[in-house]
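Shown next: model.cif, containing mmCIF, C-alpha atoms.
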```
data_query
#
loop_
_atom_site.label_atom_id
_atom_site.label_comp_id
_atom_site.auth_asym_id
_atom_site.auth_seq_id
_atom_site.Cartn_x
_atom_site.Cartn_y
_atom_site.Cartn_z
CA MET S 1 -25.06 -15.47 -14.15
CA SER S 2 -23.63 -18.61 -15.80
CA GLN S 3 -25.90 -18.01 -18.80
CA THR S 4 -24.45 -14.53 -19.23
CA ARG S 5 -20.90 -15.87 -19.07
CA SER S 6 -21.51 -18.24 -21.98
CA PHE S 7 -21.83 -15.25 -24.34
CA TYR S 8 -18.30 -14.13 -23.55
CA SER S 9 -15.20 -15.61 -25.08
CA ALA S 10 -12.83 -17.50 -22.82
CA GLN S 11 -10.32 -14.67 -23.16
CA GLN S 12 -12.91 -12.11 -22.03
CA GLU S 13 -13.84 -14.28 -19.03
CA LEU S 14 -10.19 -14.55 -18.01
CA ARG S 15 -9.71 -10.79 -18.44
CA ALA S 16 -12.73 -10.15 -16.20
CA ALA S 17 -11.36 -12.54 -13.56
CA PHE S 18 -7.97 -10.76 -13.62
CA LYS S 19 -9.62 -7.34 -13.30
CA ARG S 20 -11.74 -8.50 -10.39
CA LEU S 21 -8.66 -9.96 -8.70
CA GLU S 22 -6.76 -6.71 -9.24
CA ARG S 23 -9.49 -4.78 -7.42
CA MET S 24 -8.97 -7.01 -4.37
CA LEU S 25 -5.18 -6.63 -4.27
CA PRO S 26 -3.11 -3.77 -2.83
CA ALA S 27 -2.22 -1.16 -5.47
CA ARG S 28 1.41 -2.24 -5.87
CA LEU S 29 0.54 -5.92 -6.40
CA ALA S 30 -2.33 -5.01 -8.72
CA SER S 31 -0.03 -2.91 -10.90
CA GLY S 32 2.47 -5.79 -11.08
CA LEU S 33 -0.27 -8.19 -12.11
CA ARG S 34 -1.55 -5.68 -14.67
CA TRP S 35 1.96 -5.40 -16.12
CA LEU S 36 2.24 -9.21 -16.33
CA ARG S 37 -1.09 -9.37 -18.17
CA HIS S 38 0.08 -6.95 -20.85
CA PRO S 39 0.79 -8.72 -24.20
CA ALA S 40 4.35 -7.35 -24.31
CA SER S 41 5.09 -9.08 -20.98
CA ARG S 42 4.58 -12.58 -22.35
CA TRP S 43 8.23 -13.57 -21.83
CA ALA S 44 8.01 -12.51 -18.19
CA ARG S 45 4.49 -13.90 -17.68
CA LEU S 46 5.32 -17.50 -18.61
CA PRO S 47 8.31 -17.89 -16.25
CA ALA S 48 6.43 -16.05 -13.49
CA GLY S 49 3.50 -18.44 -13.92
CA LEU S 50 5.80 -21.45 -13.78
CA VAL S 51 7.55 -20.12 -10.66
CA LEU S 52 4.19 -19.56 -8.97
CA ILE S 53 3.02 -23.07 -9.88
CA VAL S 54 6.21 -24.63 -8.48
CA GLY S 55 5.87 -22.45 -5.37
CA GLY S 56 2.30 -23.63 -4.96
CA VAL S 57 3.43 -27.26 -5.13
CA PHE S 58 5.84 -26.56 -2.26
CA SER S 59 3.18 -24.76 -0.21
CA PHE S 60 4.18 -26.64 2.93
CA LEU S 61 7.19 -24.32 3.21
CA PRO S 62 6.71 -21.18 5.36
CA VAL S 63 6.94 -18.46 2.68
CA LEU S 64 5.18 -20.29 -0.12
CA GLY S 65 1.46 -20.90 -0.21
CA ILE S 66 -1.24 -22.76 -2.05
CA TRP S 67 -2.46 -19.38 -3.36
CA MET S 68 0.48 -19.42 -5.76
CA LEU S 69 -0.83 -22.39 -7.75
CA PRO S 70 -4.06 -20.85 -9.12
CA LEU S 71 -2.37 -17.50 -9.77
CA GLY S 72 0.39 -19.24 -11.73
CA LEU S 73 -2.19 -21.21 -13.71
CA MET S 74 -4.08 -17.98 -14.47
CA LEU S 75 -0.90 -16.38 -15.81
CA ILE S 76 -0.17 -19.42 -17.98
CA ALA S 77 -3.82 -19.48 -19.13
CA ALA S 78 -3.39 -16.00 -20.61
CA ASP S 79 -1.30 -17.67 -23.33
CA VAL S 80 -2.88 -21.14 -23.46
CA PRO S 81 -6.41 -20.90 -24.92
CA PHE S 82 -7.81 -24.20 -23.60
CA LEU S 83 -6.99 -23.15 -20.01
CA GLN S 84 -8.63 -19.73 -20.23
CA ARG S 85 -12.26 -20.62 -19.57
CA PRO S 86 -11.69 -23.14 -16.76
CA MET S 87 -9.20 -20.87 -14.98
CA ALA S 88 -11.47 -17.84 -15.37
CA ARG S 89 -14.41 -19.72 -13.87
CA PHE S 90 -12.28 -21.15 -11.07
CA ALA S 91 -10.88 -17.70 -10.26
CA MET S 92 -14.36 -16.14 -10.20
CA TRP S 93 -15.58 -18.96 -7.95
CA ILE S 94 -12.71 -18.39 -5.50
CA ILE S 95 -13.13 -14.60 -5.58
CA GLU S 96 -16.86 -14.93 -4.86
CA ARG S 97 -16.09 -17.19 -1.86
CA VAL S 98 -13.49 -14.74 -0.51
CA GLU S 99 -15.87 -11.79 -0.91
CA ARG S 100 -18.66 -13.71 0.82
CA TRP S 101 -16.29 -14.61 3.68
CA GLN S 102 -15.14 -10.99 4.00
CA ALA S 103 -18.75 -9.75 4.07
CA ARG S 104 -19.58 -12.09 6.97
CA ARG S 105 -16.46 -11.20 8.93
CA PRO S 106 -17.04 -8.64 11.68
CA ASN S 107 -14.99 -5.43 11.34
#
```
Spit out the file's structure as structure tokens when you get a sec.
Amino acid sequence: MSQTRSFYSAQQELRAAFKRLERMLPARLASGLRWLRHPASRWARLPAGLVLIVGGVFSFLPVLGIWMLPLGLMLIAADVPFLQRPMARFAMWIIERVERWQARRPN
């Protein structure tokens, strides 16, 4: 699969990672993420990404979590080209691990 990914641009890889993440989220959260990904939402996306990154740094607090850090980086990566490919690959790696864990979990 890594050979197939090399044919895609970094932006396409990041878009695929976002779409795959959206399929895993509840509908309301997925629609919010989809809105943040839209090009017109750039001025909301950057602050939201920064807030998520800061929240991820303070993940030891009860409401905040380490999950906020990669999501914030993904949002920032939508506008920062050199972050797109590494964040897309990291997101796909995490999503694959979560899906594998969910498949092994008894219902």
Requested in this report: For Leu33 in chain S, work out the shell of residues within 10 Å, counting all atoms listed in the file and skipping chain neighbours fewer than 2 positions away, then give it as number ranges by chain.
Outcome: S: 18-19, 21-22, 25, 27-31, 35-38, 45, 71, 75
I need the chosen residues saved as a CSV table (one decimal), in the coordinates of the input, with C-alpha atoms.
```csv
chain,number,residue,atom,x,y,z
S,18,PHE,CA,-8.0,-10.8,-13.6
S,19,LYS,CA,-9.6,-7.3,-13.3
S,21,LEU,CA,-8.7,-10.0,-8.7
S,22,GLU,CA,-6.8,-6.7,-9.2
S,25,LEU,CA,-5.2,-6.6,-4.3
S,27,ALA,CA,-2.2,-1.2,-5.5
S,28,ARG,CA,1.4,-2.2,-5.9
S,29,LEU,CA,0.5,-5.9,-6.4
S,30,ALA,CA,-2.3,-5.0,-8.7
S,31,SER,CA,0.0,-2.9,-10.9
S,35,TRP,CA,2.0,-5.4,-16.1
S,36,LEU,CA,2.2,-9.2,-16.3
S,37,ARG,CA,-1.1,-9.4,-18.2
S,38,HIS,CA,0.1,-7.0,-20.8
S,45,ARG,CA,4.5,-13.9,-17.7
S,71,LEU,CA,-2.4,-17.5,-9.8
S,75,LEU,CA,-0.9,-16.4,-15.8
```
Query raised in the report: Between CA of Leu52 in chain S and CA of Val80 in chain S, what is the spacing in Å?
Result: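 Value for the CA of Val80 in chain S-CA of Leu52 in chain S distance: 16.2 Å.
For the file at hand, the PyMOL selection byres ((chain S and resi 49-51) around 8) resolves to Arg45, Leu46, Pro47, Ala48, Leu52, Ile53, Val54, Gly55, Leu71, Gly72, Leu73, Met74, Leu75 and Ile76 of chain S.
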Resulting file, chosen residues, C-alpha atoms, as a compact mmCIF listing (two decimals), in the frame of the given file:
```txt
# COMPACT_ATOMS: atom_id res chain seq x y z
CA ARG S 45 4.49 -13.90 -17.68
CA LEU S 46 5.32 -17.50 -18.61
CA PRO S 47 8.31 -17.89 -16.25
CA ALA S 48 6.43 -16.05 -13.49
CA LEU S 52 4.19 -19.56 -8.97
CA ILE S 53 3.02 -23.07 -9.88
CA VAL S 54 6.21 -24.63 -8.48
CA GLY S 55 5.87 -22.45 -5.37
CA LEU S 71 -2.37 -17.50 -9.77
CA GLY S 72 0.39 -19.24 -11.73
CA LEU S 73 -2.19 -21.21 -13.71
CA MET S 74 -4.08 -17.98 -14.47
CA LEU S 75 -0.90 -16.38 -15.81
CA ILE S 76 -0.17 -19.42 -17.98
```
Query raised in the report: If you count only C-alpha atoms, which residues fall within 10 Å of Ala10 in chain S, apart from same-chain ones fewer than 2 positions away, as a PyMOL selection string?
Result: chain S and resi 5-8+12-16+77-78+81-89
For the residues in the current selection, export C-alpha atoms as a PDB file, keeping the file's coordinate frame.
```pdb
ATOM      1  CA  ARG S   5     -20.900 -15.870 -19.070  1.00  0.00           C
ATOM      2  CA  SER S   6     -21.510 -18.240 -21.980  1.00  0.00           C
ATOM      3  CA  PHE S   7     -21.830 -15.250 -24.340  1.00  0.00           C
ATOM      4  CA  TYR S   8     -18.300 -14.130 -23.550  1.00  0.00           C
ATOM      5  CA  GLN S  12     -12.910 -12.110 -22.030  1.00  0.00           C
ATOM      6  CA  GLU S  13     -13.840 -14.280 -19.030  1.00  0.00           C
ATOM      7  CA  LEU S  14     -10.190 -14.550 -18.010  1.00  0.00           C
ATOM      8  CA  ARG S  15      -9.710 -10.790 -18.440  1.00  0.00           C
ATOM      9  CA  ALA S  16     -12.730 -10.150 -16.200  1.00  0.00           C
ATOM     10  CA  ALA S  77      -3.820 -19.480 -19.130  1.00  0.00           C
ATOM     11  CA  ALA S  78      -3.390 -16.000 -20.610  1.00  0.00           C
ATOM     12  CA  PRO S  81      -6.410 -20.900 -24.920  1.00  0.00           C
ATOM     13  CA  PHE S  82      -7.810 -24.200 -23.600  1.00  0.00           C
ATOM     14  CA  LEU S  83      -6.990 -23.150 -20.010  1.00  0.00           C
ATOM     15  CA  GLN S  84      -8.630 -19.730 -20.230  1.00  0.00           C
ATOM     16  CA  ARG S  85     -12.260 -20.620 -19.570  1.00  0.00           C
ATOM     17  CA  PRO S  86     -11.690 -23.140 -16.760  1.00  0.00           C
ATOM     18  CA  MET S  87      -9.200 -20.870 -14.980  1.00  0.00           C
ATOM     19  CA  ALA S  88     -11.470 -17.840 -15.370  1.00  0.00           C
ATOM     20  CA  ARG S  89     -14.410 -19.720 -13.870  1.00  0.00           C
TER      21      ARG S  89
END
```
**Report entry** Separation of CA of Phe60 in chain S from CA of Ala103 in chain S in Å
**Finding:**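 Going from CA of Ala103 in chain S over to CA of Phe60 in chain S covers 28.5 Å.
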**Report entry** S:Arg105, S:Gly56, S:Trp43, S:Pro70 ranked by distance to Trp93 in chain S, top pick (using all atoms listed in the file)
**Finding:**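 Among S:Arg105, S:Gly56, S:Trp43, S:Pro70, it is S:Pro70 that comes nearest to Trp93 in chain S.
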Requested in this report: May I ask for the distance between CA of Asp79 in chain S and CA of Gly65 in chain S, given in Å to one decimal place?
Outcome: 23.5 Å
Would you save chain S from the block above with C-alpha atoms, as an mmCIF file, in the first residue's frame?
```
data_model
loop_
_atom_site.group_PDB
_atom_site.id
_atom_site.type_symbol
_atom_site.label_atom_id
_atom_site.label_comp_id
_atom_site.auth_asym_id
_atom_site.auth_seq_id
_atom_site.Cartn_x
_atom_site.Cartn_y
_atom_site.Cartn_z
ATOM 1 C CA MET S 1 0.000 0.000 0.000
ATOM 2 C CA SER S 2 2.893 2.409 0.638
ATOM 3 C CA GLN S 3 3.844 2.171 -3.040
ATOM 4 C CA THR S 4 0.346 3.255 -4.038
ATOM 5 C CA ARG S 5 0.478 6.216 -1.661
ATOM 6 C CA SER S 6 3.617 7.582 -3.299
ATOM 7 C CA PHE S 7 1.634 8.354 -6.471
ATOM 8 C CA TYR S 8 -0.662 10.699 -4.581
ATOM 9 C CA SER S 9 0.188 14.252 -3.683
ATOM 10 C CA ALA S 10 0.597 15.121 -0.024
ATOM 11 C CA GLN S 11 -2.647 17.092 -0.172
ATOM 12 C CA GLN S 12 -4.528 14.073 -1.559
ATOM 13 C CA GLU S 13 -3.091 11.846 1.179
ATOM 14 C CA LEU S 14 -4.206 14.297 3.865
ATOM 15 C CA ARG S 15 -7.672 14.560 2.287
ATOM 16 C CA ALA S 16 -7.974 10.760 2.315
ATOM 17 C CA ALA S 17 -6.918 10.640 5.977
ATOM 18 C CA PHE S 18 -9.534 13.281 6.882
ATOM 19 C CA LYS S 19 -12.258 11.404 4.986
ATOM 20 C CA ARG S 20 -11.372 8.146 6.689
ATOM 21 C CA LEU S 21 -11.411 9.870 10.075
ATOM 22 C CA GLU S 22 -14.796 11.421 9.304
ATOM 23 C CA ARG S 23 -16.256 7.953 8.639
ATOM 24 C CA MET S 24 -15.204 6.900 12.147
ATOM 25 C CA LEU S 25 -16.707 9.919 13.918
ATOM 26 C CA PRO S 26 -20.333 10.520 14.929
ATOM 27 C CA ALA S 27 -22.252 12.481 12.276
ATOM 28 C CA ARG S 28 -22.235 15.795 14.156
ATOM 29 C CA LEU S 29 -18.475 15.743 14.763
ATOM 30 C CA ALA S 30 -17.815 14.595 11.202
ATOM 31 C CA SER S 31 -19.825 17.499 9.792
ATOM 32 C CA GLY S 32 -17.882 19.941 11.990
ATOM 33 C CA LEU S 33 -14.590 18.506 10.799
ATOM 34 C CA ARG S 34 -15.802 18.641 7.188
ATOM 35 C CA TRP S 35 -16.701 22.318 7.660
ATOM 36 C CA LEU S 36 -13.249 23.041 9.122
ATOM 37 C CA ARG S 37 -11.602 21.350 6.131
ATOM 38 C CA HIS S 38 -13.428 23.578 3.656
ATOM 39 C CA PRO S 39 -11.107 26.216 2.075
ATOM 40 C CA ALA S 40 -13.383 29.068 3.190
ATOM 41 C CA SER S 41 -12.935 27.979 6.829
ATOM 42 C CA ARG S 42 -9.206 28.674 6.880
ATOM 43 C CA TRP S 43 -9.525 31.474 9.450
ATOM 44 C CA ALA S 44 -11.432 29.150 11.777
ATOM 45 C CA ARG S 45 -9.251 26.107 11.006
ATOM 46 C CA LEU S 46 -5.955 27.669 12.089
ATOM 47 C CA PRO S 47 -7.134 28.835 15.544
ATOM 48 C CA ALA S 48 -9.011 25.557 16.060
ATOM 49 C CA GLY S 49 -5.836 23.630 15.231
ATOM 50 C CA LEU S 50 -3.810 25.741 17.647
ATOM 51 C CA VAL S 51 -6.397 25.296 20.417
ATOM 52 C CA LEU S 52 -6.373 21.526 19.881
ATOM 53 C CA ILE S 53 -2.565 21.432 19.974
ATOM 54 C CA VAL S 54 -2.477 23.419 23.229
ATOM 55 C CA GLY S 55 -5.221 21.173 24.636
ATOM 56 C CA GLY S 56 -3.185 18.127 23.685
ATOM 57 C CA VAL S 57 -0.162 19.510 25.521
ATOM 58 C CA PHE S 58 -2.305 19.806 28.665
ATOM 59 C CA SER S 59 -3.720 16.297 28.271
ATOM 60 C CA PHE S 60 -3.156 15.544 31.937
ATOM 61 C CA LEU S 61 -6.251 17.629 32.718
ATOM 62 C CA PRO S 62 -9.571 15.713 32.929
ATOM 63 C CA VAL S 63 -11.394 17.144 29.877
ATOM 64 C CA LEU S 64 -8.427 17.449 27.562
ATOM 65 C CA GLY S 65 -6.739 14.500 25.916
ATOM 66 C CA ILE S 66 -3.727 13.498 23.895
ATOM 67 C CA TRP S 67 -6.102 12.895 20.952
ATOM 68 C CA MET S 68 -6.282 16.667 20.524
ATOM 69 C CA LEU S 69 -2.632 17.001 19.502
ATOM 70 C CA PRO S 70 -2.697 14.967 16.251
ATOM 71 C CA LEU S 71 -6.086 16.388 15.252
ATOM 72 C CA GLY S 72 -4.780 19.926 15.752
ATOM 73 C CA LEU S 73 -1.673 19.107 13.719
ATOM 74 C CA MET S 74 -3.851 17.667 10.942
ATOM 75 C CA LEU S 75 -5.894 20.870 10.812
ATOM 76 C CA ILE S 76 -2.738 22.990 10.670
ATOM 77 C CA ALA S 77 -1.287 20.645 8.017
ATOM 78 C CA ALA S 78 -4.192 21.489 5.703
ATOM 79 C CA ASP S 79 -2.532 24.897 5.256
ATOM 80 C CA VAL S 80 1.146 24.011 5.746
ATOM 81 C CA PRO S 81 2.368 21.906 2.796
ATOM 82 C CA PHE S 82 5.450 20.340 4.437
ATOM 83 C CA LEU S 83 3.251 18.896 7.230
ATOM 84 C CA GLN S 84 0.674 17.336 4.911
ATOM 85 C CA ARG S 85 2.388 14.070 4.009
ATOM 86 C CA PRO S 86 3.758 13.215 7.475
ATOM 87 C CA MET S 87 0.450 14.030 9.178
ATOM 88 C CA ALA S 88 -1.537 12.084 6.590
ATOM 89 C CA ARG S 89 0.640 9.014 7.061
ATOM 90 C CA PHE S 90 0.551 9.333 10.846
ATOM 91 C CA ALA S 91 -3.245 9.685 10.811
ATOM 92 C CA MET S 92 -3.651 6.645 8.557
ATOM 93 C CA TRP S 93 -1.325 4.657 10.822
ATOM 94 C CA ILE S 94 -3.377 5.586 13.906
ATOM 95 C CA ILE S 95 -6.697 4.902 12.153
ATOM 96 C CA GLU S 96 -5.481 1.471 11.039
ATOM 97 C CA ARG S 97 -4.467 0.641 14.635
ATOM 98 C CA VAL S 98 -7.847 1.774 15.993
ATOM 99 C CA GLU S 99 -9.727 -0.250 13.370
ATOM 100 C CA ARG S 100 -7.621 -3.314 14.116
ATOM 101 C CA TRP S 101 -8.286 -2.890 17.852
ATOM 102 C CA GLN S 102 -12.025 -2.481 17.237
ATOM 103 C CA ALA S 103 -12.102 -5.608 15.061
ATOM 104 C CA ARG S 104 -10.508 -7.686 17.837
ATOM 105 C CA ARG S 105 -12.786 -6.309 20.531
ATOM 106 C CA PRO S 106 -15.717 -8.585 21.395
ATOM 107 C CA ASN S 107 -19.163 -7.030 20.868
#
```
